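Engineer: Quick one: the structure is below, and I'll ask about it shortly.
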2 protein chains.
Amino acid sequence: MLKTKKRYDCAAGCPVEVTLDLIDGKWKGVIVYHLLSGTLRFNEIRRKLPSATQRMLTRQLRELEECGLVLRTVYAQVPPRVDYALTEEGRSLEEIVRAMHAWGERRLERLAQVQAAA
Amino acid sequence: MLKTKKRYDCAAGCPVEVTLDLIDGKWKGVIVYHLLSGTLRFNEIRRKLPSATQRMLTRQLRELEECGLVLRTVYAQVPPRVDYALTEEGRSLEEIVRAMHAWGERRLERLAQVQAAA
DNA sequence: CGGAATCCCACAGGATACTG
DNA sequence: CAGTATCCTGTGGGATTCCG
């Protein structure tokens, strides 16, 4: 997922994969979603994603940083403090991420209805 | 990815993951993208995704079918013929997928510029 | 033509423990 | 607080072969 995984040498549809590559990976999508609301410290993000392990969070955040979607700011102080914020490019994902959020909600509603019917 | 992988029991951001779950997975995004243009036969899809293996394509298509995003139609004839089309729900992803496509293209342009600078 | 069956491996991701 | 460091497992995904 990170580095040169070069999933695509394929035909015309690949920009879709370019985007997916950056945003897929278990937690990245949600992280970006939460960062849309503003800068967050590491543990704040953790609290928003209770079922993500610490290790996974740091890794996903680092990958997001690597692709230039997230800005990581370390304050030289004790106890440590690290802020995560979207970069300009990261924020440019807003439309997509919000759309995914809305779609996901509708999907959940639909599923709930199907459940209810049974 | 298929079945009840239930990635999320998490907090508020999860609908994002719901969506990602359906559309991630190496080829699903691109498949949906191509199906936006209309129904395709198996080998037509293959031709659009040269670097996807046959096995992967069928698997991803089946998963898409399972989630109700893609409709698979088998014609009882020899040689066989199988059509793949988006369901209503699948087509409702259009906005997202197109947005991802557009974003990916811009991303590629940006990367190209950075390359050129170096 | 549109697969299914097998074999195989890298690595995403979890659990747990330690640290400046 | 915000991480590393290890160890371990599942499975996503590739390659290849066979089939109605």
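For the structure tokens, the naming scheme is as follows: chains receive sequential letters (A, B, ...) according to their order of presentation, residues are indexed from 1 within each chain, and ligands are indexed from 1 in presentation order.
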Using only C-alpha atoms (C1' of nucleotides), select each residue of chain D with any atom at most 9 Å away from an atom of chain A, and give the selection as a list in words.

Structural biologist: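 That gives DC1, DA2, DG3 and DT4 of chain D for chain D.
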
Engineer: Using only C-alpha atoms (C1' of nucleotides), find the residues of chain C whose closest atom to chain A is at most 12 Å away, then write them as a count of residues only.

Structural biologist: 7

Engineer: Using only C-alpha atoms, tabulate the residues of chain B lying at most 6 Å from any atom of chain A, each with its closest atom pair and that distance in Å to one decimal, by chain and increasing residue number, as JSON lines.

Structural biologist:
```
{"residue": "B:Cys10", "atom": "CA", "partner": "A:Leu49", "partner_atom": "CA", "distance": 5.7}
{"residue": "B:Ala11", "atom": "CA", "partner": "A:Lys48", "partner_atom": "CA", "distance": 5.9}
{"residue": "B:Gly13", "atom": "CA", "partner": "A:Val30", "partner_atom": "CA", "distance": 5.6}
{"residue": "B:Pro15", "atom": "CA", "partner": "A:Gly104", "partner_atom": "CA", "distance": 4.2}
{"residue": "B:Val16", "atom": "CA", "partner": "A:His101", "partner_atom": "CA", "distance": 4.4}
{"residue": "B:Val18", "atom": "CA", "partner": "A:Gly104", "partner_atom": "CA", "distance": 5.4}
{"residue": "B:Thr19", "atom": "CA", "partner": "A:Gly104", "partner_atom": "CA", "distance": 5.0}
{"residue": "B:Val30", "atom": "CA", "partner": "A:Gly13", "partner_atom": "CA", "distance": 5.6}
{"residue": "B:Lys48", "atom": "CA", "partner": "A:Ala11", "partner_atom": "CA", "distance": 5.8}
{"residue": "B:Leu49", "atom": "CA", "partner": "A:Cys10", "partner_atom": "CA", "distance": 5.7}
{"residue": "B:Pro50", "atom": "CA", "partner": "A:Cys10", "partner_atom": "CA", "distance": 6.0}
{"residue": "B:Met100", "atom": "CA", "partner": "A:Val16", "partner_atom": "CA", "distance": 5.3}
{"residue": "B:His101", "atom": "CA", "partner": "A:Val16", "partner_atom": "CA", "distance": 4.4}
{"residue": "B:Gly104", "atom": "CA", "partner": "A:Pro15", "partner_atom": "CA", "distance": 4.2}
{"residue": "B:Glu105", "atom": "CA", "partner": "A:Pro15", "partner_atom": "CA", "distance": 5.3}
```

Engineer: Apply DSSP to the backbone of this structure and, from stretch 16-69 of chain A, keep only the residues in helix (DSSP H, G or I); write these as an MDAnalysis selection string.

Structural biologist: chainID A and resid 16:23 28:35 42:48 54:66

Engineer: Please measure the separation of atom CA of B:Leu69 and atom CA of B:Arg91, giving the value in Å to one decimal.

Structural biologist: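 That distance, rounded to one decimal, is 7.7 Å.
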
Engineer: Just want the 10 Å neighbourhood of A:Gly68, counted on only C-alpha atoms (C1' of nucleotides), with same-chain residues fewer than 5 positions away dropped. Output as a ChimeraX atom specification.

Structural biologist: /A:22,62-63,86-90

Engineer: Please, could you write that set of residues out with N, CA and C atoms as a short mmCIF file (atom, residue, chain, number, x, y, z; two decimals), in the first residue's frame?

Structural biologist:
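Result file is selection_1.cif:
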```
data_model
loop_
_atom_site.label_atom_id
_atom_site.label_comp_id
_atom_site.auth_asym_id
_atom_site.auth_seq_id
_atom_site.Cartn_x
_atom_site.Cartn_y
_atom_site.Cartn_z
N LEU A 22 -4.67 5.38 -1.65
CA LEU A 22 -4.29 6.30 -0.60
C LEU A 22 -5.22 6.22 0.60
N ARG A 62 1.28 7.49 9.53
CA ARG A 62 2.55 7.71 8.86
C ARG A 62 2.42 7.56 7.36
N GLU A 63 1.62 6.60 6.96
CA GLU A 63 1.42 6.42 5.52
C GLU A 63 0.69 7.63 4.93
N LEU A 86 -4.95 17.65 8.36
CA LEU A 86 -4.94 17.41 6.92
C LEU A 86 -4.12 18.48 6.22
N THR A 87 -3.40 18.08 5.21
CA THR A 87 -2.75 19.06 4.36
C THR A 87 -3.79 19.59 3.39
N GLU A 88 -3.39 20.52 2.59
CA GLU A 88 -4.28 21.05 1.55
C GLU A 88 -4.79 19.90 0.70
N GLU A 89 -3.87 19.06 0.28
CA GLU A 89 -4.25 17.93 -0.57
C GLU A 89 -5.18 16.97 0.17
N GLY A 90 -4.90 16.79 1.44
CA GLY A 90 -5.76 15.93 2.23
C GLY A 90 -7.17 16.49 2.30
#
```

Engineer: To one decimal in Å, tell me the separation between atom CA of B:Tyr84 and atom CA of B:Leu40.

Structural biologist: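 Going from atom CA of B:Tyr84 over to atom CA of B:Leu40 covers 5.3 Å.
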
Engineer: Extract, using only C-alpha atoms (C1' of nucleotides), all DNA, RNA and protein residues at most 10 Å from D:DA5, discarding same-chain residues fewer than 2 positions from it, and format them as a ChimeraX atom specification.

Structural biologist: /C:17-19 /D:7

Engineer: Quick one, how far is atom CA of B:Thr73 from atom C1' of C:DG2?

Structural biologist: 12.1 Å
